[in-house]
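See below for the structure under consideration.
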Number of protein chains: 2
Amino acid sequence: MGEAAKRRHGDAAEKLPAEGTQARRFGKTRSAQSTALLEDYVELIADLLMSSGEARPTDIARRLGVSHATAVKTISRLKRAGLATARPYRGAFLTEKGRALADRVRVRHRLVVDLLRALGVPTEAAEADAEGIEHHVSETTLKAFAQYLKSLG
Amino acid sequence: MGEAAKRRHGDAAEKLPAEGTQARRFGKTRSAQSTALLEDYVELIADLLMSSGEARPTDIARRLGVSHATAVKTISRLKRAGLATARPYRGAFLTEKGRALADRVRVRHRLVVDLLRALGVPTEAAEADAEGIEHHVSETTLKAFAQYLKSLG
DNA sequence: TACAACATGTAGCCTTGGCTAAACTTTGAC
DNA sequence: GTCAAAGTTTAGCCAAGGCTACATGTTGTA
């Protein structure tokens with residue numbers, strides 16, 4: 001938000017596109033936050049299914065550092081969002097849509113981590129920060145990251 | 001988000017090192033999200049005070065794209081957090097702590113935007129993405145960014 | 001001065017994303 | 001085959017961060 005706020009709001013101020021643009025930006029940031037958790041869950045479920053064949057609420061909870069009840073609740077949100085399915089006492093599974101999202105998320109995560117490391121960020125910090133950053137990186141920015149990494153050879 | 005309540009369930013993170021690490025990471029990401037909004041408010045209030053001498057709920061609301069009621073409610077959270085003060089019908093002001101935070105946030109924002117632009121991200125996208133990214137950039141990563149930008153001259 | 005327009009504040013409702021507690025299934029060791 | 005341990009689900013609570021609707025203050029202008 002570094003841009004200095006121009007005028008005080010008034011007759012002229014309402015016409016400035018700056019406010020609308022900024023508001024849109026913030027709104028986008030906020031809605032990104034609401035999808036970030038679902039992205040994390042989807043990626044983790046894909047991970048667990050791949051490595052152990054099942055994705056149980058308890059394992060998910062332990063990996064994310066939340067209670068198992070929270071994991072269960074979020075899984076049902078995943079179902080509502082059409083990203084996952086779950087049979088009682090049989091864990092979670094991804095829908096086609098969920099798998100597609102998981103793939104996108106994984107690729108994006110890798111790219112962000114690689115970029116941070118390329119800029120000299122230590123691996124540990126890169127992994128940790130990427131966890132938060134990745135949900136806010138647009139397609140445009142992602143392309144620029146890829147481009148930059150390619151230019152490094 | 002009740003830091004105290006959240007961490008009361010501390011046993012989850014004490015198990016395996018690998019899982020603990022990941023859990024800590026996610027936990028950090030989540031708590032970063034809860035402070036992100038306050039950071040945005042503080043920076044915007046500093047901005048408005050600078051440019052117009054006052055920070056009214058309505059202006060804040062318009063800039064952030066939320067209702068004035070939401071702005072008012074958040075301002076009282078700011079007060080509770082010791083970041084701002086407010087006199088009825090006279091808008092918001094920052095405490096010493098709030099001003100310090102605003103400064104840090106502004107510097108960080110500039111750095112993130114500059115870095116993105118240096119990597120070839122178009123200005124518009126850089127500004128927009130930075131809004132979301134900046135709240136998740138650690139000190140370590142921030143230093144790496146600064147270092148990289150300096151290396152470009 | 002008075003009043004309309006606008007800003008502010010309050011109340012009540014919603015969803016998300018946490019938690020604990022308690023009831024219910026599954027499962028593995030006798 | 002039983003039964004306790006472990007995992008799962010449900011229910012109910014809380015705070016954050018949105019919203020609308022309504023009541024109350026403030027102010028510019030006629």
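To be explicit about the labels: the chains of the structure tokens are called A, B, and onward in the order shown, and within each one the residues are counted from 1, while ligands get numbers from 1 in the order they are shown.
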Could you produce a table of the residues of chain B lying within 8 Å of chain A, with the nearest pair of atoms per residue and their separation in Å rounded to one decimal, using only C-alpha atoms, ordered by chain and increasing residue number, as JSON lines?
```
{"residue": "B:His9", "atom": "CA", "partner": "A:Ser67", "partner_atom": "CA", "distance": 7.6}
{"residue": "B:Ala12", "atom": "CA", "partner": "A:Arg62", "partner_atom": "CA", "distance": 5.9}
{"residue": "B:Ala13", "atom": "CA", "partner": "A:Gly65", "partner_atom": "CA", "distance": 6.1}
{"residue": "B:Glu19", "atom": "CA", "partner": "A:Arg63", "partner_atom": "CA", "distance": 5.3}
{"residue": "B:Gly20", "atom": "CA", "partner": "A:Arg63", "partner_atom": "CA", "distance": 7.2}
{"residue": "B:Gln22", "atom": "CA", "partner": "A:Arg63", "partner_atom": "CA", "distance": 6.3}
{"residue": "B:Ala23", "atom": "CA", "partner": "A:Gly65", "partner_atom": "CA", "distance": 4.5}
{"residue": "B:Arg24", "atom": "CA", "partner": "A:Gly65", "partner_atom": "CA", "distance": 6.9}
{"residue": "B:Arg25", "atom": "CA", "partner": "A:Ala128", "partner_atom": "CA", "distance": 5.7}
{"residue": "B:Phe26", "atom": "CA", "partner": "A:Leu64", "partner_atom": "CA", "distance": 6.0}
{"residue": "B:Gly27", "atom": "CA", "partner": "A:Gly65", "partner_atom": "CA", "distance": 6.6}
{"residue": "B:Thr29", "atom": "CA", "partner": "A:Gly132", "partner_atom": "CA", "distance": 5.3}
{"residue": "B:Gln33", "atom": "CA", "partner": "A:Gln33", "partner_atom": "CA", "distance": 7.5}
{"residue": "B:Glu43", "atom": "CA", "partner": "A:Met1", "partner_atom": "CA", "distance": 7.5}
{"residue": "B:Leu44", "atom": "CA", "partner": "A:Met1", "partner_atom": "CA", "distance": 7.6}
{"residue": "B:Asp47", "atom": "CA", "partner": "A:Ala5", "partner_atom": "CA", "distance": 6.0}
{"residue": "B:Leu48", "atom": "CA", "partner": "A:Ala5", "partner_atom": "CA", "distance": 6.4}
{"residue": "B:Ser51", "atom": "CA", "partner": "A:Ala5", "partner_atom": "CA", "distance": 6.2}
{"residue": "B:Ser52", "atom": "CA", "partner": "A:Arg8", "partner_atom": "CA", "distance": 5.5}
{"residue": "B:Asp59", "atom": "CA", "partner": "A:His9", "partner_atom": "CA", "distance": 6.9}
{"residue": "B:Arg62", "atom": "CA", "partner": "A:Ala23", "partner_atom": "CA", "distance": 7.0}
{"residue": "B:Arg63", "atom": "CA", "partner": "A:Ala23", "partner_atom": "CA", "distance": 5.3}
{"residue": "B:Leu64", "atom": "CA", "partner": "A:Ala23", "partner_atom": "CA", "distance": 4.6}
{"residue": "B:Gly65", "atom": "CA", "partner": "A:Ala23", "partner_atom": "CA", "distance": 4.4}
{"residue": "B:Arg106", "atom": "CA", "partner": "A:Gly2", "partner_atom": "CA", "distance": 5.8}
{"residue": "B:His109", "atom": "CA", "partner": "A:Gly2", "partner_atom": "CA", "distance": 6.4}
{"residue": "B:Arg110", "atom": "CA", "partner": "A:Gly2", "partner_atom": "CA", "distance": 6.2}
{"residue": "B:Leu116", "atom": "CA", "partner": "A:Thr141", "partner_atom": "CA", "distance": 7.7}
{"residue": "B:Leu119", "atom": "CA", "partner": "A:Tyr148", "partner_atom": "CA", "distance": 6.5}
{"residue": "B:Gly120", "atom": "CA", "partner": "A:Ala144", "partner_atom": "CA", "distance": 5.8}
{"residue": "B:Val121", "atom": "CA", "partner": "A:Thr141", "partner_atom": "CA", "distance": 5.6}
{"residue": "B:Ala125", "atom": "CA", "partner": "A:Thr141", "partner_atom": "CA", "distance": 6.9}
{"residue": "B:Ala126", "atom": "CA", "partner": "A:Thr141", "partner_atom": "CA", "distance": 7.4}
{"residue": "B:Glu127", "atom": "CA", "partner": "A:Met1", "partner_atom": "CA", "distance": 7.6}
{"residue": "B:Ala128", "atom": "CA", "partner": "A:Arg25", "partner_atom": "CA", "distance": 5.7}
{"residue": "B:Asp129", "atom": "CA", "partner": "A:Val137", "partner_atom": "CA", "distance": 5.9}
{"residue": "B:Glu131", "atom": "CA", "partner": "A:Met1", "partner_atom": "CA", "distance": 6.9}
{"residue": "B:Gly132", "atom": "CA", "partner": "A:His136", "partner_atom": "CA", "distance": 5.3}
{"residue": "B:Ile133", "atom": "CA", "partner": "A:Ile133", "partner_atom": "CA", "distance": 5.0}
{"residue": "B:Glu134", "atom": "CA", "partner": "A:Ile133", "partner_atom": "CA", "distance": 7.9}
{"residue": "B:His136", "atom": "CA", "partner": "A:Gly132", "partner_atom": "CA", "distance": 5.3}
{"residue": "B:Val137", "atom": "CA", "partner": "A:Asp129", "partner_atom": "CA", "distance": 5.9}
{"residue": "B:Ser138", "atom": "CA", "partner": "A:Asp129", "partner_atom": "CA", "distance": 6.6}
{"residue": "B:Thr140", "atom": "CA", "partner": "A:Ala125", "partner_atom": "CA", "distance": 7.0}
{"residue": "B:Thr141", "atom": "CA", "partner": "A:Val121", "partner_atom": "CA", "distance": 5.6}
{"residue": "B:Ala144", "atom": "CA", "partner": "A:Val121", "partner_atom": "CA", "distance": 5.7}
{"residue": "B:Phe145", "atom": "CA", "partner": "A:Leu119", "partner_atom": "CA", "distance": 7.0}
{"residue": "B:Tyr148", "atom": "CA", "partner": "A:Leu119", "partner_atom": "CA", "distance": 6.5}
```
Store the residues picked out above in a file with N, CA and C atoms, as a CSV table (one decimal), in the first residue's frame.
```csv
chain,number,residue,atom,x,y,z
B,9,HIS,N,-3.9,-26.4,23.1
B,9,HIS,CA,-3.9,-27.7,22.6
B,9,HIS,C,-2.5,-28.0,22.1
B,12,ALA,N,-0.2,-31.6,20.2
B,12,ALA,CA,-0.1,-32.0,18.8
B,12,ALA,C,1.3,-31.8,18.2
B,13,ALA,N,1.9,-30.7,18.6
B,13,ALA,CA,3.2,-30.4,17.9
B,13,ALA,C,4.4,-31.0,18.6
B,19,GLU,N,6.8,-33.8,11.6
B,19,GLU,CA,5.4,-33.3,11.6
B,19,GLU,C,5.4,-32.0,12.4
B,20,GLY,N,6.1,-32.0,13.5
B,20,GLY,CA,6.1,-30.8,14.3
B,20,GLY,C,6.5,-29.5,13.5
B,22,GLN,N,6.3,-29.0,10.3
B,22,GLN,CA,5.3,-28.6,9.3
B,22,GLN,C,4.1,-28.0,10.0
B,23,ALA,N,3.8,-28.6,11.2
B,23,ALA,CA,2.6,-28.0,11.9
B,23,ALA,C,3.0,-26.6,12.4
B,24,ARG,N,4.2,-26.4,12.8
B,24,ARG,CA,4.6,-25.1,13.3
B,24,ARG,C,4.5,-24.1,12.1
B,25,ARG,N,4.9,-24.6,11.0
B,25,ARG,CA,4.9,-23.7,9.8
B,25,ARG,C,3.4,-23.3,9.5
B,26,PHE,N,2.5,-24.2,9.5
B,26,PHE,CA,1.1,-23.9,9.2
B,26,PHE,C,0.6,-23.0,10.2
B,27,GLY,N,0.9,-23.3,11.5
B,27,GLY,CA,0.4,-22.5,12.5
B,27,GLY,C,0.8,-21.0,12.4
B,29,THR,N,1.6,-19.5,9.6
B,29,THR,CA,0.9,-19.0,8.5
B,29,THR,C,-0.5,-18.5,8.9
B,33,GLN,N,-2.1,-14.5,9.2
B,33,GLN,CA,-3.3,-14.0,8.6
B,33,GLN,C,-4.1,-13.2,9.6
B,43,GLU,N,-1.4,0.7,8.5
B,43,GLU,CA,-0.7,1.4,7.4
B,43,GLU,C,-1.6,2.4,6.7
B,44,LEU,N,-2.8,2.0,6.5
B,44,LEU,CA,-3.8,2.9,5.9
B,44,LEU,C,-4.1,4.1,6.7
B,47,ASP,N,-1.3,6.5,6.5
B,47,ASP,CA,-1.4,7.1,5.2
B,47,ASP,C,-2.4,8.2,5.2
B,48,LEU,N,-3.6,8.0,5.8
B,48,LEU,CA,-4.6,9.0,5.8
B,48,LEU,C,-4.3,10.1,6.7
B,51,SER,N,-1.7,12.3,4.8
B,51,SER,CA,-2.2,13.0,3.7
B,51,SER,C,-3.4,14.0,4.0
B,52,SER,N,-4.2,13.7,5.0
B,52,SER,CA,-5.3,14.5,5.2
B,52,SER,C,-5.5,15.0,6.6
B,59,ASP,N,-13.7,6.7,5.3
B,59,ASP,CA,-12.6,6.7,4.3
B,59,ASP,C,-11.9,5.4,4.3
B,62,ARG,N,-14.0,2.8,2.6
B,62,ARG,CA,-14.0,2.9,1.2
B,62,ARG,C,-12.7,2.4,0.6
B,63,ARG,N,-11.6,2.7,1.2
B,63,ARG,CA,-10.3,2.3,0.7
B,63,ARG,C,-10.1,0.8,0.8
B,64,LEU,N,-10.7,0.2,1.8
B,64,LEU,CA,-10.5,-1.2,1.9
B,64,LEU,C,-11.6,-2.0,1.3
B,65,GLY,N,-12.7,-1.3,0.9
B,65,GLY,CA,-13.8,-2.1,0.2
B,65,GLY,C,-14.6,-2.8,1.2
B,106,ARG,N,5.3,-0.4,5.9
B,106,ARG,CA,5.5,0.4,4.7
B,106,ARG,C,6.9,0.0,4.0
B,109,HIS,N,6.5,-3.4,2.5
B,109,HIS,CA,5.7,-3.4,1.2
B,109,HIS,C,6.5,-2.9,0.0
B,110,ARG,N,7.2,-1.8,0.2
B,110,ARG,CA,8.1,-1.2,-0.8
B,110,ARG,C,9.1,-2.3,-1.3
B,116,LEU,N,9.5,-7.7,-6.8
B,116,LEU,CA,8.7,-8.3,-7.8
B,116,LEU,C,8.9,-7.6,-9.2
B,119,LEU,N,12.0,-8.6,-10.8
B,119,LEU,CA,11.9,-10.0,-11.4
B,119,LEU,C,11.1,-10.0,-12.7
B,120,GLY,N,10.6,-8.8,-13.0
B,120,GLY,CA,9.8,-8.7,-14.3
B,120,GLY,C,8.3,-8.8,-14.2
B,121,VAL,N,7.8,-8.7,-12.9
B,121,VAL,CA,6.4,-8.6,-12.7
B,121,VAL,C,5.9,-7.2,-13.1
B,125,ALA,N,0.4,-5.9,-11.3
B,125,ALA,CA,0.4,-7.2,-10.6
B,125,ALA,C,1.3,-7.2,-9.4
B,126,ALA,N,2.4,-6.5,-9.5
B,126,ALA,CA,3.3,-6.4,-8.4
B,126,ALA,C,2.7,-5.8,-7.2
B,127,GLU,N,2.0,-4.7,-7.4
B,127,GLU,CA,1.3,-4.0,-6.3
B,127,GLU,C,0.2,-4.9,-5.7
B,128,ALA,N,-0.6,-5.5,-6.6
B,128,ALA,CA,-1.7,-6.3,-6.1
B,128,ALA,C,-1.2,-7.5,-5.3
B,129,ASP,N,-0.2,-8.3,-5.9
B,129,ASP,CA,0.3,-9.5,-5.2
B,129,ASP,C,1.0,-9.1,-3.9
B,131,GLU,N,0.3,-7.0,-1.8
B,131,GLU,CA,-0.7,-6.8,-0.8
B,131,GLU,C,-0.9,-8.1,0.0
B,132,GLY,N,-0.9,-9.2,-0.7
B,132,GLY,CA,-1.1,-10.5,0.0
B,132,GLY,C,0.2,-11.1,0.5
B,133,ILE,N,1.2,-10.9,-0.3
B,133,ILE,CA,2.5,-11.6,0.0
B,133,ILE,C,3.2,-11.0,1.2
B,134,GLU,N,3.2,-9.7,1.3
B,134,GLU,CA,4.0,-9.0,2.3
B,134,GLU,C,3.8,-9.5,3.7
B,136,HIS,N,3.6,-12.4,4.8
B,136,HIS,CA,4.1,-13.7,5.0
B,136,HIS,C,5.6,-13.8,4.8
B,137,VAL,N,6.3,-12.6,4.6
B,137,VAL,CA,7.7,-12.6,4.4
B,137,VAL,C,8.4,-12.4,5.7
B,138,SER,N,9.3,-13.3,6.0
B,138,SER,CA,10.0,-13.3,7.3
B,138,SER,C,11.2,-12.3,7.2
B,140,THR,N,14.3,-12.9,7.6
B,140,THR,CA,15.3,-13.5,6.9
B,140,THR,C,15.1,-13.3,5.4
B,141,THR,N,13.9,-13.6,4.9
B,141,THR,CA,13.6,-13.5,3.5
B,141,THR,C,13.7,-12.0,3.1
B,144,ALA,N,17.2,-11.1,2.4
B,144,ALA,CA,17.6,-11.7,1.1
B,144,ALA,C,17.1,-10.8,-0.1
B,145,PHE,N,15.9,-10.3,0.1
B,145,PHE,CA,15.3,-9.5,-1.0
B,145,PHE,C,16.2,-8.2,-1.1
B,148,TYR,N,19.5,-8.9,-2.7
B,148,TYR,CA,19.4,-9.1,-4.1
B,148,TYR,C,19.2,-7.8,-4.9
```
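RMSD of chain B versus chain A, all Cα atoms, in-order pairing, least-squares fit: 6.2 Å.
Taking only C-alpha atoms (C1' of nucleotides) into account, DT27 (chain C) lies nearest to A:Tyr89 out of the set A:Leu49, A:Val72, A:Leu83, A:Tyr89.
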Exercise for review: With a cut-off of 8 Å and counting only C-alpha atoms (C1' of nucleotides), select all residues of chain D in contact with chain B and give the selection as a ChimeraX atom specification.
Suggested key: /D:15-19,25
Practice item. Up to 10 Å from chain A, what residues of chain C turn up? Count only C-alpha atoms (C1' of nucleotides) and give them as a PyMOL selection string. Key: chain C and resi 16-20+25-26
Kindly save the residues from that selection, with all heavy atoms included, as a short mmCIF file (atom, residue, chain, number, x, y, z; two decimals), in the first residue's frame.
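Output below, filename out.cif:
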```cif
data_model
loop_
_atom_site.label_atom_id
_atom_site.label_comp_id
_atom_site.auth_asym_id
_atom_site.auth_seq_id
_atom_site.Cartn_x
_atom_site.Cartn_y
_atom_site.Cartn_z
P DT C 16 -18.36 -20.88 5.29
OP1 DT C 16 -18.04 -21.04 3.86
OP2 DT C 16 -19.06 -21.95 6.04
"O5'" DT C 16 -16.99 -20.54 6.07
"C5'" DT C 16 -16.35 -19.30 5.80
"C4'" DT C 16 -15.13 -19.14 6.66
"O4'" DT C 16 -15.49 -18.67 7.97
"C3'" DT C 16 -14.30 -20.40 6.90
"O3'" DT C 16 -12.94 -20.01 6.75
"C2'" DT C 16 -14.65 -20.81 8.32
"C1'" DT C 16 -14.87 -19.45 8.97
N1 DT C 16 -15.75 -19.39 10.14
C2 DT C 16 -15.38 -18.62 11.23
O2 DT C 16 -14.33 -18.00 11.29
N3 DT C 16 -16.28 -18.60 12.26
C4 DT C 16 -17.49 -19.26 12.31
O4 DT C 16 -18.22 -19.16 13.29
C5 DT C 16 -17.81 -20.04 11.15
C7 DT C 16 -19.11 -20.80 11.10
C6 DT C 16 -16.94 -20.07 10.13
P DG C 17 -11.81 -21.08 6.46
OP1 DG C 17 -10.74 -20.41 5.71
OP2 DG C 17 -12.43 -22.30 5.92
"O5'" DG C 17 -11.27 -21.38 7.92
"C5'" DG C 17 -10.60 -20.34 8.60
"C4'" DG C 17 -10.43 -20.73 10.04
"O4'" DG C 17 -11.69 -20.66 10.72
"C3'" DG C 17 -9.95 -22.17 10.26
"O3'" DG C 17 -8.92 -22.13 11.23
"C2'" DG C 17 -11.17 -22.87 10.82
"C1'" DG C 17 -11.77 -21.74 11.60
N9 DG C 17 -13.15 -21.90 12.04
C8 DG C 17 -14.16 -22.57 11.41
N7 DG C 17 -15.28 -22.55 12.08
C5 DG C 17 -14.99 -21.83 13.23
C6 DG C 17 -15.80 -21.49 14.33
O6 DG C 17 -16.97 -21.76 14.52
N1 DG C 17 -15.10 -20.75 15.27
C2 DG C 17 -13.76 -20.38 15.17
N2 DG C 17 -13.25 -19.67 16.17
N3 DG C 17 -13.00 -20.69 14.13
C4 DG C 17 -13.67 -21.42 13.21
P DG C 18 -7.69 -23.14 11.18
OP1 DG C 18 -6.55 -22.47 10.57
OP2 DG C 18 -8.15 -24.45 10.63
"O5'" DG C 18 -7.39 -23.30 12.72
"C5'" DG C 18 -8.22 -24.11 13.53
"C4'" DG C 18 -8.42 -23.44 14.86
"O4'" DG C 18 -9.62 -22.64 14.81
"C3'" DG C 18 -8.69 -24.44 15.99
"O3'" DG C 18 -7.50 -24.91 16.55
"C2'" DG C 18 -9.49 -23.58 16.96
"C1'" DG C 18 -10.32 -22.73 16.02
N9 DG C 18 -11.65 -23.31 15.74
C8 DG C 18 -12.05 -23.94 14.60
N7 DG C 18 -13.29 -24.34 14.63
C5 DG C 18 -13.74 -23.96 15.88
C6 DG C 18 -15.02 -24.12 16.49
O6 DG C 18 -16.03 -24.66 16.02
N1 DG C 18 -15.03 -23.60 17.77
C2 DG C 18 -13.97 -22.99 18.39
N2 DG C 18 -14.17 -22.55 19.63
N3 DG C 18 -12.78 -22.82 17.83
C4 DG C 18 -12.74 -23.33 16.58
P DC C 19 -7.32 -26.34 17.10
OP1 DC C 19 -5.90 -26.54 17.42
OP2 DC C 19 -7.99 -27.26 16.17
"O5'" DC C 19 -8.18 -26.32 18.46
"C5'" DC C 19 -7.88 -25.34 19.45
"C4'" DC C 19 -8.97 -25.34 20.50
"O4'" DC C 19 -10.19 -24.88 19.92
"C3'" DC C 19 -9.29 -26.72 21.05
"O3'" DC C 19 -8.50 -26.96 22.20
"C2'" DC C 19 -10.75 -26.60 21.44
"C1'" DC C 19 -11.30 -25.54 20.50
N1 DC C 19 -12.14 -26.08 19.42
C2 DC C 19 -13.52 -26.27 19.67
O2 DC C 19 -13.96 -25.99 20.78
N3 DC C 19 -14.30 -26.76 18.69
C4 DC C 19 -13.78 -27.06 17.50
N4 DC C 19 -14.60 -27.52 16.56
C5 DC C 19 -12.38 -26.88 17.23
C6 DC C 19 -11.60 -26.40 18.22
P DT C 20 -8.49 -28.44 22.85
OP1 DT C 20 -7.39 -28.44 23.83
OP2 DT C 20 -8.54 -29.45 21.77
"O5'" DT C 20 -9.89 -28.57 23.63
"C5'" DT C 20 -10.25 -27.63 24.62
"C4'" DT C 20 -11.59 -28.05 25.22
"O4'" DT C 20 -12.61 -28.03 24.19
"C3'" DT C 20 -11.58 -29.47 25.78
"O3'" DT C 20 -12.31 -29.47 27.00
"C2'" DT C 20 -12.28 -30.30 24.73
"C1'" DT C 20 -13.24 -29.30 24.10
N1 DT C 20 -13.50 -29.56 22.67
C2 DT C 20 -14.79 -29.73 22.24
O2 DT C 20 -15.75 -29.69 22.97
N3 DT C 20 -14.91 -29.97 20.90
C4 DT C 20 -13.90 -30.04 19.96
O4 DT C 20 -14.14 -30.26 18.79
C5 DT C 20 -12.57 -29.85 20.49
C7 DT C 20 -11.39 -29.91 19.58
C6 DT C 20 -12.43 -29.62 21.80
P DT C 25 -22.53 -46.29 16.01
OP1 DT C 25 -23.75 -46.17 15.25
OP2 DT C 25 -22.37 -47.42 17.01
"O5'" DT C 25 -21.38 -46.33 14.95
"C5'" DT C 25 -20.21 -46.82 15.38
"C4'" DT C 25 -19.18 -46.60 14.32
"O4'" DT C 25 -18.04 -46.11 15.02
"C3'" DT C 25 -18.81 -47.92 13.73
"O3'" DT C 25 -18.18 -47.70 12.49
"C2'" DT C 25 -17.82 -48.45 14.76
"C1'" DT C 25 -17.13 -47.16 15.23
N1 DT C 25 -16.77 -47.12 16.68
C2 DT C 25 -15.44 -46.96 16.98
O2 DT C 25 -14.57 -46.85 16.13
N3 DT C 25 -15.15 -46.93 18.32
C4 DT C 25 -16.04 -47.03 19.36
O4 DT C 25 -15.65 -46.96 20.53
C5 DT C 25 -17.42 -47.20 18.97
C7 DT C 25 -18.47 -47.33 20.04
C6 DT C 25 -17.71 -47.24 17.67
P DT C 26 -18.00 -48.94 11.47
OP1 DT C 26 -18.35 -48.41 10.16
OP2 DT C 26 -18.65 -50.14 12.03
"O5'" DT C 26 -16.43 -49.20 11.48
"C5'" DT C 26 -15.66 -48.49 12.41
"C4'" DT C 26 -14.20 -48.76 12.24
"O4'" DT C 26 -13.67 -48.69 13.59
"C3'" DT C 26 -13.79 -50.12 11.71
"O3'" DT C 26 -12.52 -49.92 11.11
"C2'" DT C 26 -13.75 -50.97 12.99
"C1'" DT C 26 -13.22 -49.95 14.01
N1 DT C 26 -13.72 -50.08 15.41
C2 DT C 26 -12.85 -49.79 16.43
O2 DT C 26 -11.70 -49.46 16.24
N3 DT C 26 -13.39 -49.90 17.69
C4 DT C 26 -14.68 -50.26 18.01
O4 DT C 26 -15.03 -50.32 19.18
C5 DT C 26 -15.53 -50.54 16.90
C7 DT C 26 -16.95 -50.94 17.13
C6 DT C 26 -15.02 -50.45 15.65
#
```
Review point. Please, which residues of region 68-153 of chain A, numbered as in this document, come out helix (DSSP H, G or I) from DSSP, as a VMD selection string?
Key: chain A and resid 68 to 80 96 to 118 123 to 136 139 to 151
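Among the residues of region 15-148 of chain A, backbone DSSP assigns strand (DSSP E) to Ala84, Thr85, Ala86, Ala92, Phe93 and Leu94 of chain A.
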Convert the current residue selection to file output with all heavy atoms, as a PDB file, in the first residue's frame.
```
ATOM      1  N   ALA A  84     -13.490 -32.667  -2.434  1.00  0.00           N
ATOM      2  CA  ALA A  84     -13.190 -33.968  -1.826  1.00  0.00           C
ATOM      3  C   ALA A  84     -14.462 -34.759  -1.570  1.00  0.00           C
ATOM      4  O   ALA A  84     -15.577 -34.227  -1.628  1.00  0.00           O
ATOM      5  CB  ALA A  84     -12.434 -33.759  -0.511  1.00  0.00           C
ATOM      6  N   THR A  85     -14.259 -36.027  -1.308  1.00  0.00           N
ATOM      7  CA  THR A  85     -15.344 -36.887  -0.857  1.00  0.00           C
ATOM      8  C   THR A  85     -14.830 -37.584   0.391  1.00  0.00           C
ATOM      9  O   THR A  85     -13.629 -37.588   0.651  1.00  0.00           O
ATOM     10  CB  THR A  85     -15.691 -37.965  -1.908  1.00  0.00           C
ATOM     11  OG1 THR A  85     -14.530 -38.763  -2.141  1.00  0.00           O
ATOM     12  CG2 THR A  85     -16.151 -37.323  -3.204  1.00  0.00           C
ATOM     13  N   ALA A  86     -15.754 -38.165   1.144  1.00  0.00           N
ATOM     14  CA  ALA A  86     -15.323 -38.885   2.331  1.00  0.00           C
ATOM     15  C   ALA A  86     -16.414 -39.874   2.709  1.00  0.00           C
ATOM     16  O   ALA A  86     -17.597 -39.552   2.688  1.00  0.00           O
ATOM     17  CB  ALA A  86     -15.065 -37.921   3.472  1.00  0.00           C
ATOM     18  N   ALA A  92     -10.577 -39.226   3.751  1.00  0.00           N
ATOM     19  CA  ALA A  92     -10.941 -38.323   2.669  1.00  0.00           C
ATOM     20  C   ALA A  92     -10.298 -38.734   1.358  1.00  0.00           C
ATOM     21  O   ALA A  92      -9.219 -39.330   1.326  1.00  0.00           O
ATOM     22  CB  ALA A  92     -10.515 -36.899   3.027  1.00  0.00           C
ATOM     23  N   PHE A  93     -10.983 -38.394   0.269  1.00  0.00           N
ATOM     24  CA  PHE A  93     -10.459 -38.626  -1.074  1.00  0.00           C
ATOM     25  C   PHE A  93     -10.714 -37.389  -1.904  1.00  0.00           C
ATOM     26  O   PHE A  93     -11.610 -36.614  -1.593  1.00  0.00           O
ATOM     27  CB  PHE A  93     -11.142 -39.838  -1.704  1.00  0.00           C
ATOM     28  CG  PHE A  93     -10.941 -41.086  -0.908  1.00  0.00           C
ATOM     29  CD1 PHE A  93     -11.814 -41.424   0.119  1.00  0.00           C
ATOM     30  CD2 PHE A  93      -9.842 -41.904  -1.148  1.00  0.00           C
ATOM     31  CE1 PHE A  93     -11.604 -42.562   0.887  1.00  0.00           C
ATOM     32  CE2 PHE A  93      -9.633 -43.048  -0.384  1.00  0.00           C
ATOM     33  CZ  PHE A  93     -10.518 -43.375   0.636  1.00  0.00           C
ATOM     34  N   LEU A  94      -9.941 -37.199  -2.947  1.00  0.00           N
ATOM     35  CA  LEU A  94     -10.107 -36.008  -3.775  1.00  0.00           C
ATOM     36  C   LEU A  94     -10.982 -36.293  -4.987  1.00  0.00           C
ATOM     37  O   LEU A  94     -10.920 -37.379  -5.570  1.00  0.00           O
ATOM     38  CB  LEU A  94      -8.738 -35.504  -4.244  1.00  0.00           C
ATOM     39  CG  LEU A  94      -7.802 -35.012  -3.137  1.00  0.00           C
ATOM     40  CD1 LEU A  94      -6.479 -34.555  -3.737  1.00  0.00           C
ATOM     41  CD2 LEU A  94      -8.447 -33.886  -2.344  1.00  0.00           C
TER      42      LEU A  94
END
```
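Between CA of Ile75 (chain A) and CA of Glu54 (chain A) the interatomic distance comes to 13.8 Å.
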